[in-house]
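Here is upload.cif, consisting of mmCIF, C-alpha atoms:
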```
data_run
#
loop_
_atom_site.label_atom_id
_atom_site.label_comp_id
_atom_site.auth_asym_id
_atom_site.auth_seq_id
_atom_site.Cartn_x
_atom_site.Cartn_y
_atom_site.Cartn_z
CA MET A 232 318.41 246.64 143.68
CA CYS A 233 321.92 247.30 142.46
CA CYS A 234 322.15 250.60 144.34
CA PHE A 235 320.73 249.01 147.48
CA LEU A 236 323.32 246.22 147.32
CA SER A 237 326.15 248.74 146.82
CA ARG A 238 325.07 250.72 149.91
CA LEU A 239 324.84 247.51 151.94
CA LEU A 240 328.33 246.37 151.02
CA ALA A 241 329.80 249.85 151.60
CA ALA A 242 328.31 249.85 155.10
CA ALA A 243 330.03 246.51 155.72
CA GLY A 244 333.42 247.90 154.54
CA THR A 245 333.43 245.87 151.32
CA THR A 246 334.04 247.27 147.85
CA LEU A 247 331.79 246.04 145.11
CA LEU A 248 333.52 245.40 141.79
CA LEU A 249 331.08 245.38 138.92
CA ALA A 250 331.87 243.81 135.60
CA LEU A 251 331.25 246.56 133.06
CA PRO A 252 331.34 246.15 129.32
CA PRO A 253 334.45 247.58 127.63
CA VAL A 254 334.21 251.08 126.30
CA ALA A 255 334.35 251.21 122.55
CA GLY A 256 337.82 252.04 121.24
CA ALA A 257 339.58 251.43 124.59
CA ARG A 258 342.53 248.98 124.73
CA ALA A 259 342.03 245.90 126.87
CA GLN A 260 343.88 245.93 130.20
CA THR A 261 346.38 243.11 130.74
CA ALA A 262 348.04 241.96 133.97
CA PRO A 263 351.69 243.13 134.36
CA THR A 264 354.33 240.56 133.44
CA PRO A 265 356.25 239.40 136.58
CA ALA A 266 359.98 240.24 136.66
CA PRO A 267 362.14 237.30 135.68
CA SER A 268 363.90 235.58 138.57
CA ALA A 269 367.71 235.55 138.76
CA PRO A 270 369.38 232.73 136.82
CA THR A 271 369.59 229.57 138.85
CA GLU A 272 373.32 229.28 138.07
CA SER A 273 374.16 232.41 140.11
CA LEU A 274 372.82 230.74 143.24
CA ILE A 275 375.02 227.66 142.93
CA PRO A 276 378.53 227.78 144.50
CA LEU A 277 381.01 226.71 141.84
CA PRO A 278 384.81 226.38 142.01
CA GLN A 279 386.85 229.01 140.20
CA ALA A 280 388.64 227.94 137.04
CA SER A 281 391.69 229.85 138.36
CA PRO A 282 391.47 229.65 142.16
CA GLN A 283 392.78 232.45 144.35
CA VAL A 284 395.97 231.80 146.34
CA LEU A 285 397.30 233.88 149.23
CA LEU A 286 400.96 233.10 149.98
CA LYS A 287 402.72 234.58 153.02
CA GLN A 288 406.41 234.26 153.86
CA GLU A 289 408.55 235.75 156.63
CA VAL A 290 412.01 236.66 155.32
CA GLY A 291 414.14 237.87 158.21
CA LEU A 292 411.97 240.51 159.89
CA THR A 293 410.05 241.27 156.68
CA THR A 294 406.66 239.84 155.68
CA VAL A 295 406.15 239.13 151.97
CA THR A 296 402.65 238.26 150.72
CA VAL A 297 401.57 237.23 147.23
CA ASP A 298 397.89 237.35 146.27
CA TYR A 299 397.17 235.77 142.88
CA HIS A 300 394.80 233.59 140.85
CA ALA A 301 396.37 230.38 139.56
CA PRO A 302 395.48 229.31 135.99
CA SER A 303 396.19 225.81 134.66
CA VAL A 304 397.81 224.68 131.42
CA LYS A 305 394.91 222.44 130.29
CA GLY A 306 396.79 221.28 127.22
CA ARG A 307 397.32 224.80 125.90
CA THR A 308 400.51 226.34 124.52
CA ILE A 309 401.53 228.80 127.24
CA TRP A 310 404.69 230.64 126.21
CA GLN A 311 404.37 232.45 122.89
CA GLY A 312 400.77 231.19 122.91
CA LEU A 313 398.42 232.03 125.76
CA VAL A 314 401.19 234.36 127.00
CA PRO A 315 402.52 236.19 123.93
CA TYR A 316 406.08 237.45 123.79
CA GLY A 317 406.50 241.20 123.71
CA GLN A 318 403.37 241.91 125.79
CA VAL A 319 402.90 242.60 129.51
CA TRP A 320 401.31 239.61 131.24
CA ARG A 321 399.39 239.80 134.54
CA ALA A 322 401.48 236.90 135.94
CA GLY A 323 398.33 235.04 136.93
CA ALA A 324 394.62 235.17 136.09
CA ASN A 325 391.72 237.57 136.72
CA GLU A 326 392.74 240.60 138.83
CA ASN A 327 396.30 241.84 139.22
CA THR A 328 398.81 239.64 140.96
CA ILE A 329 399.64 241.66 144.10
CA ILE A 330 402.92 241.46 146.04
CA THR A 331 403.30 243.27 149.36
CA PHE A 332 406.51 243.96 151.31
CA SER A 333 406.29 245.12 154.92
CA ASP A 334 409.77 246.71 154.72
CA THR A 335 412.16 248.01 152.10
CA VAL A 336 413.96 245.14 150.36
CA ARG A 337 416.54 244.59 147.65
CA VAL A 338 415.40 242.61 144.62
CA ASN A 339 418.34 241.19 142.67
CA GLY A 340 420.39 243.93 144.29
CA LYS A 341 417.99 246.79 143.45
CA SER A 342 416.14 248.68 146.19
CA LEU A 343 412.35 248.38 146.37
CA PRO A 344 410.49 250.43 149.02
CA ALA A 345 408.00 248.82 151.38
CA GLY A 346 404.54 248.76 149.83
CA ARG A 347 401.94 246.99 147.72
CA TYR A 348 402.65 246.36 144.04
CA SER A 349 401.08 244.81 140.97
CA PHE A 350 403.42 242.17 139.61
CA TYR A 351 403.77 241.73 135.84
CA VAL A 352 405.95 239.69 133.53
CA MET A 353 407.22 240.86 130.14
CA PRO A 354 408.57 237.84 128.21
CA ARG A 355 410.39 238.87 125.05
CA SER A 356 412.06 235.60 124.12
CA ASP A 357 413.15 232.37 125.75
CA GLN A 358 416.15 234.23 127.19
CA ASP A 359 414.98 237.80 127.82
CA TRP A 360 412.26 238.57 130.38
CA ASP A 361 411.50 241.52 132.66
CA LEU A 362 409.77 241.11 136.02
CA ILE A 363 407.88 244.29 136.87
CA PHE A 364 406.69 245.89 140.12
CA ASN A 365 404.05 248.52 139.34
CA ARG A 366 402.51 250.99 141.80
CA VAL A 367 398.92 250.79 140.45
CA THR A 368 397.07 247.86 142.06
CA THR A 369 393.49 248.43 140.84
CA HIS A 370 393.68 247.20 137.25
CA TRP A 371 392.00 244.10 135.90
CA GLY A 372 395.04 242.14 134.86
CA ALA A 373 397.12 244.15 132.40
CA GLU A 374 394.24 246.36 131.25
CA GLY A 375 395.23 249.98 131.85
CA TYR A 376 398.87 249.09 132.58
CA GLN A 377 401.28 251.98 131.96
CA GLU A 378 405.05 251.70 132.03
CA LYS A 379 405.34 255.12 133.69
CA ASP A 380 403.89 253.56 136.85
CA ASP A 381 406.65 250.95 137.09
CA VAL A 382 408.64 251.21 140.33
CA LEU A 383 411.15 248.51 139.44
CA ARG A 384 411.97 246.31 136.45
CA VAL A 385 414.31 243.36 136.92
CA PRO A 386 415.76 241.51 133.90
CA VAL A 387 415.84 237.72 134.28
CA VAL A 388 416.52 234.63 132.21
CA PRO A 389 413.90 231.86 132.62
CA GLU A 390 415.07 228.34 133.40
CA ALA A 391 413.70 225.01 132.22
CA SER A 392 411.87 223.15 134.99
CA ALA A 393 409.64 220.17 135.66
CA HIS A 394 406.07 220.55 134.42
CA HIS A 395 403.77 222.61 136.66
CA GLU A 396 400.18 222.21 135.52
CA THR A 397 399.00 225.07 137.75
CA LEU A 398 400.87 228.38 138.05
CA LEU A 399 402.83 228.39 141.28
CA TYR A 400 404.60 231.07 143.30
CA TRP A 401 407.01 229.71 145.92
CA PHE A 402 409.99 230.63 148.09
CA SER A 403 413.27 228.74 148.37
CA ASP A 404 416.80 229.03 149.80
CA LEU A 405 415.61 230.83 152.93
CA THR A 406 418.35 232.32 155.09
CA THR A 407 418.30 234.66 158.09
CA GLY A 408 417.49 237.62 155.87
CA SER A 409 417.02 236.51 152.26
CA ALA A 410 415.10 234.13 150.02
CA HIS A 411 414.56 233.28 146.39
CA PHE A 412 411.10 234.18 145.08
CA ASN A 413 410.05 231.89 142.23
CA LEU A 414 407.31 231.70 139.60
CA SER A 415 406.81 228.32 137.90
CA TRP A 416 404.33 227.41 135.17
CA GLU A 417 404.30 224.83 132.42
CA LYS A 418 408.02 224.03 132.01
CA LYS A 419 409.59 227.38 132.92
CA THR A 420 410.68 228.98 136.21
CA VAL A 421 411.91 232.50 136.89
CA SER A 422 413.51 233.55 140.17
CA LEU A 423 414.35 236.72 142.08
CA LEU A 424 416.62 237.11 145.09
CA ILE A 425 414.93 239.08 147.88
CA ASP A 426 417.34 240.48 150.46
CA THR A 427 415.83 242.18 153.51
CA ASN A 428 419.06 243.63 154.97
CA VAL A 429 417.96 242.11 158.26
CA GLN A 430 421.33 242.46 159.99
CA ALA A 431 421.27 246.25 159.79
CA ARG A 432 417.79 246.26 161.34
CA VAL A 433 418.85 243.88 164.13
CA VAL A 434 421.93 245.94 164.95
CA ALA A 435 419.79 249.08 165.12
CA GLY A 436 417.40 247.23 167.43
CA ILE A 437 420.28 246.06 169.62
CA GLU A 438 421.60 249.59 169.97
CA LYS A 439 418.16 250.88 170.93
CA ALA A 440 417.61 248.12 173.51
CA VAL A 441 421.05 248.58 175.11
CA ALA A 442 420.57 252.37 175.28
CA ALA A 443 417.30 251.79 177.16
CA ARG A 444 418.80 249.22 179.57
CA PRO A 445 422.55 249.86 179.83
CA ASN A 446 422.96 248.00 183.15
CA ASP A 447 421.29 244.75 182.10
CA TRP A 448 424.20 242.30 181.97
CA GLN A 449 422.09 239.58 180.34
CA LEU A 450 420.90 241.92 177.58
CA LEU A 451 424.48 243.02 176.94
CA ALA A 452 425.61 239.40 176.77
CA GLN A 453 422.77 238.51 174.39
CA ALA A 454 423.65 241.46 172.16
CA ALA A 455 427.31 240.50 172.08
CA ASP A 456 426.46 236.85 171.41
CA TYR A 457 424.33 237.76 168.37
CA LEU A 458 427.10 239.92 166.94
CA VAL A 459 429.66 237.15 167.49
CA GLN A 460 427.47 234.46 165.90
CA ASN A 461 426.87 236.58 162.82
CA ASN A 462 430.39 237.99 162.57
CA LEU A 463 429.15 241.57 162.94
CA ASN A 464 430.91 244.58 164.46
CA ALA A 465 433.47 242.81 166.65
CA GLU A 466 434.48 246.00 168.45
CA LYS A 467 430.92 246.76 169.52
CA ALA A 468 430.49 243.14 170.63
CA LEU A 469 433.67 243.41 172.73
CA ASN A 470 432.41 246.57 174.41
CA TYR A 471 429.09 244.91 175.22
CA ILE A 472 430.64 241.75 176.64
CA ASN A 473 433.24 243.62 178.72
CA GLU A 474 430.44 245.68 180.30
CA SER A 475 428.39 242.54 180.88
CA ILE A 476 431.29 240.88 182.71
CA ARG A 477 431.88 244.00 184.77
CA LEU A 478 428.25 243.94 185.91
CA GLN A 479 428.03 240.18 186.50
CA ASP A 480 431.04 237.85 186.16
CA VAL A 481 429.52 234.47 185.15
CA TYR A 482 430.42 231.60 182.85
CA THR A 483 428.02 232.60 180.07
CA ASN A 484 429.47 236.02 179.30
CA ASN A 485 433.05 234.78 179.77
CA TRP A 486 432.42 232.06 177.21
CA ILE A 487 430.98 234.60 174.76
CA LYS A 488 434.13 236.69 175.18
CA ALA A 489 436.31 233.61 174.62
CA ARG A 490 434.52 232.88 171.34
CA LEU A 491 434.78 236.52 170.27
CA LEU A 492 438.52 236.56 170.87
CA ALA A 493 438.95 233.28 168.98
CA SER A 494 437.08 234.81 166.01
CA LYS A 495 439.67 237.61 166.07
CA GLN A 496 442.48 235.02 166.01
CA ASP A 497 443.53 235.93 169.58
CA PHE A 498 443.65 232.30 170.67
CA ASP A 499 445.93 232.83 173.69
CA THR A 500 443.45 235.19 175.38
CA ALA A 501 440.49 233.13 174.18
CA ILE A 502 441.93 230.13 176.06
CA VAL A 503 442.22 232.19 179.25
CA TYR A 504 438.57 233.22 179.14
CA GLY A 505 437.47 229.76 178.01
CA ARG A 506 439.12 228.12 181.04
CA LYS A 507 437.64 230.80 183.31
CA ALA A 508 434.16 230.10 181.90
CA ILE A 509 434.52 226.37 182.62
CA LYS A 510 435.71 227.13 186.15
CA LEU A 511 432.77 229.47 186.83
CA GLY A 512 430.18 227.01 185.49
CA ASP A 513 427.93 225.23 187.96
CA LYS A 514 428.60 221.51 187.60
CA ASP A 515 425.02 220.82 188.75
CA ASP A 516 423.47 223.14 186.15
CA ASP A 517 421.99 221.06 183.31
CA ALA A 518 422.40 223.91 180.80
CA PHE A 519 426.08 224.23 181.65
CA LYS A 520 426.62 220.45 181.59
CA SER A 521 425.10 220.23 178.11
CA LYS A 522 427.51 222.90 176.80
CA LEU A 523 430.62 221.63 178.57
CA PRO A 524 431.69 218.96 176.01
CA ASN A 525 431.64 221.49 173.14
CA MET A 526 433.48 224.05 175.28
CA ARG A 527 436.28 221.55 175.89
CA VAL A 528 436.47 220.64 172.21
CA ALA A 529 436.76 224.35 171.32
CA LEU A 530 439.56 224.83 173.87
CA ILE A 531 441.52 221.95 172.35
CA GLU A 532 441.09 223.47 168.88
CA TRP A 533 442.24 226.91 170.10
CA GLN A 534 445.25 225.37 171.81
CA SER A 535 446.29 223.65 168.59
CA LYS A 536 446.18 227.02 166.82
CA ALA A 537 447.85 229.00 169.59
CA TYR A 538 450.97 226.85 170.02
#
```
Once you've parsed the file, please lay out its structure as structure tokens.
Amino acid sequence: MCCFLSRLLAAAGTTLLLALPPVAGARAQTAPTPAPSAPTESLIPLPQASPQVLLKQEVGLTTVTVDYHAPSVKGRTIWQGLVPYGQVWRAGANENTIITFSDTVRVNGKSLPAGRYSFYVMPRSDQDWDLIFNRVTTHWGAEGYQEKDDVLRVPVVPEASAHHETLLYWFSDLTTGSAHFNLSWEKKTVSLLIDTNVQARVVAGIEKAVAARPNDWQLLAQAADYLVQNNLNAEKALNYINESIRLQDVYTNNWIKARLLASKQDFDTAIVYGRKAIKLGDKDDDAFKSKLPNMRVALIEWQSKAY
């Protein structure tokens, strides 16, 4: 009967499993243990204890970015406590604090090439710190740090400040081409002056643009005006504005020349070109009408200095 039933089930495509008694001396077979599931906690989105911050600042024509994790005080002793004196500190939490400069800059007067740097702090006392730019950007914090990879070290003296519960990087005192870069945490702040030498880059750009379009009177006037406003290369500015006037004699470039001459203390000639600019101006032009009161005030001032 058993063999007949086996043949019948085989013909129907069904396998017959027979319960057989265990063989003497054989170990009992047990079902495999299922793999443990991942911990539930790893599936829950949680805020970081030291959140990541990405700070970006344009300084002149240079982009400065700071990528860091911001720890909090949380009642702890920070300086000469969590951050010991005499040891390199990652200047943040977790991975390296990374600072990137799109162009070469000067940091407290010292040149630093364009690039991406790990930023460290070496506090030695309340009055003696080094701020460090290091070329290796793949460390976890200060682990693996080596002084030989430093590109620049800048000595600073920390200043007392209002309490900052969370570490903060920030920029202040922004000018056309410079800014102060600051780190504040707990009740201390350190600062660096970043100078981008923007004027040299602008002058180089002006020269390139004028070389490409030497007969563009408006471009020449714009170039001269920038040099006059920033008190740069008066002789070059005079050449540009004279050529602009030769190509197109209008009130705008005559007024630029008047201001340039006044900056060189040549008030007599400045008055001549100032009066010419007012005469050439279109009394129905709103742009000219808006400038006219200041032009007249400047002429009065130049006259008082000329006579």
(request) Translate the PyMOL selection byres ((chain A and resi 476) around 12), as applied to the file shown, into an explicit residue set as a ChimeraX atom specification. (result) /A:446-452,455,469-475,477-489,504,507-508
(message) Please expand the PyMOL selection byres ((chain A and resi 534) around 12) into the concrete residues it hits in this file, giving the result as a PyMOL selection string.
(response) chain A and resi 493+496-503+505-506+527-533+535-538
(request) Could you state which residues are captured by the PyMOL selection byres ((chain A and resi 306) around 12) in this file, as a list in words? (result)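 That selection, the PyMOL selection byres ((chain A and resi 306) around 12), comes back as Pro302, Ser303, Val304, Lys305, Arg307, Thr308, Ile309, Gly312, Leu313, His394, His395, Glu396, Thr397 and Glu417 of chain A.
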(message) What's the separation between CA of Trp320 (chain A) and CA of Ala391 (chain A), in Å to one decimal place?
(response)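 Separation between CA of Trp320 (chain A) and CA of Ala391 (chain A): 19.2 Å.
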(message) For region 343-356 of chain A, find every residue with an atom within 9 Å (counting all atoms listed in the file), except residues of its own chain fewer than 3 positions away, and show them as a PyMOL selection string.
(response) chain A and resi 310-311+314-323+327-338+359-370+372-373+382-383
Mind dumping the selected residues with C-alpha atoms as a PDB file, in the coordinates of the input?
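As a result, out13.pdb now contains:
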```pdb
ATOM      1  CA  TRP A 310     404.690 230.640 126.210  1.00  0.00           C
ATOM      2  CA  GLN A 311     404.370 232.450 122.890  1.00  0.00           C
ATOM      3  CA  VAL A 314     401.190 234.360 127.000  1.00  0.00           C
ATOM      4  CA  PRO A 315     402.520 236.190 123.930  1.00  0.00           C
ATOM      5  CA  TYR A 316     406.080 237.450 123.790  1.00  0.00           C
ATOM      6  CA  GLY A 317     406.500 241.200 123.710  1.00  0.00           C
ATOM      7  CA  GLN A 318     403.370 241.910 125.790  1.00  0.00           C
ATOM      8  CA  VAL A 319     402.900 242.600 129.510  1.00  0.00           C
ATOM      9  CA  TRP A 320     401.310 239.610 131.240  1.00  0.00           C
ATOM     10  CA  ARG A 321     399.390 239.800 134.540  1.00  0.00           C
ATOM     11  CA  ALA A 322     401.480 236.900 135.940  1.00  0.00           C
ATOM     12  CA  GLY A 323     398.330 235.040 136.930  1.00  0.00           C
ATOM     13  CA  ASN A 327     396.300 241.840 139.220  1.00  0.00           C
ATOM     14  CA  THR A 328     398.810 239.640 140.960  1.00  0.00           C
ATOM     15  CA  ILE A 329     399.640 241.660 144.100  1.00  0.00           C
ATOM     16  CA  ILE A 330     402.920 241.460 146.040  1.00  0.00           C
ATOM     17  CA  THR A 331     403.300 243.270 149.360  1.00  0.00           C
ATOM     18  CA  PHE A 332     406.510 243.960 151.310  1.00  0.00           C
ATOM     19  CA  SER A 333     406.290 245.120 154.920  1.00  0.00           C
ATOM     20  CA  ASP A 334     409.770 246.710 154.720  1.00  0.00           C
ATOM     21  CA  THR A 335     412.160 248.010 152.100  1.00  0.00           C
ATOM     22  CA  VAL A 336     413.960 245.140 150.360  1.00  0.00           C
ATOM     23  CA  ARG A 337     416.540 244.590 147.650  1.00  0.00           C
ATOM     24  CA  VAL A 338     415.400 242.610 144.620  1.00  0.00           C
ATOM     25  CA  ASP A 359     414.980 237.800 127.820  1.00  0.00           C
ATOM     26  CA  TRP A 360     412.260 238.570 130.380  1.00  0.00           C
ATOM     27  CA  ASP A 361     411.500 241.520 132.660  1.00  0.00           C
ATOM     28  CA  LEU A 362     409.770 241.110 136.020  1.00  0.00           C
ATOM     29  CA  ILE A 363     407.880 244.290 136.870  1.00  0.00           C
ATOM     30  CA  PHE A 364     406.690 245.890 140.120  1.00  0.00           C
ATOM     31  CA  ASN A 365     404.050 248.520 139.340  1.00  0.00           C
ATOM     32  CA  ARG A 366     402.510 250.990 141.800  1.00  0.00           C
ATOM     33  CA  VAL A 367     398.920 250.790 140.450  1.00  0.00           C
ATOM     34  CA  THR A 368     397.070 247.860 142.060  1.00  0.00           C
ATOM     35  CA  THR A 369     393.490 248.430 140.840  1.00  0.00           C
ATOM     36  CA  HIS A 370     393.680 247.200 137.250  1.00  0.00           C
ATOM     37  CA  GLY A 372     395.040 242.140 134.860  1.00  0.00           C
ATOM     38  CA  ALA A 373     397.120 244.150 132.400  1.00  0.00           C
ATOM     39  CA  VAL A 382     408.640 251.210 140.330  1.00  0.00           C
ATOM     40  CA  LEU A 383     411.150 248.510 139.440  1.00  0.00           C
TER      41      LEU A 383
END
```
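Across the model, the gap from CA of Val290 (chain A) to CA of Leu491 (chain A) is 27.2 Å.
Our summary of the geometry notes that CA of Trp416 (chain A) is positioned 17.0 Å from CA of Leu285 (chain A).
All polymer residues at most 9 Å from (389.8, 228.7, 140.4), using all atoms listed in the file, appear as Pro278, Gln279, Ala280, Ser281, Pro282, Gln283, His300, Ala301 and Pro302 of chain A.
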(message) Given all atoms listed in the file as the basis, pick out the residue of A:Val385, A:Val459, A:Val433, A:Ala393 nearest to Gly340 (chain A).
(response)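 Under the stated criterion, the closest residue is A:Val385.
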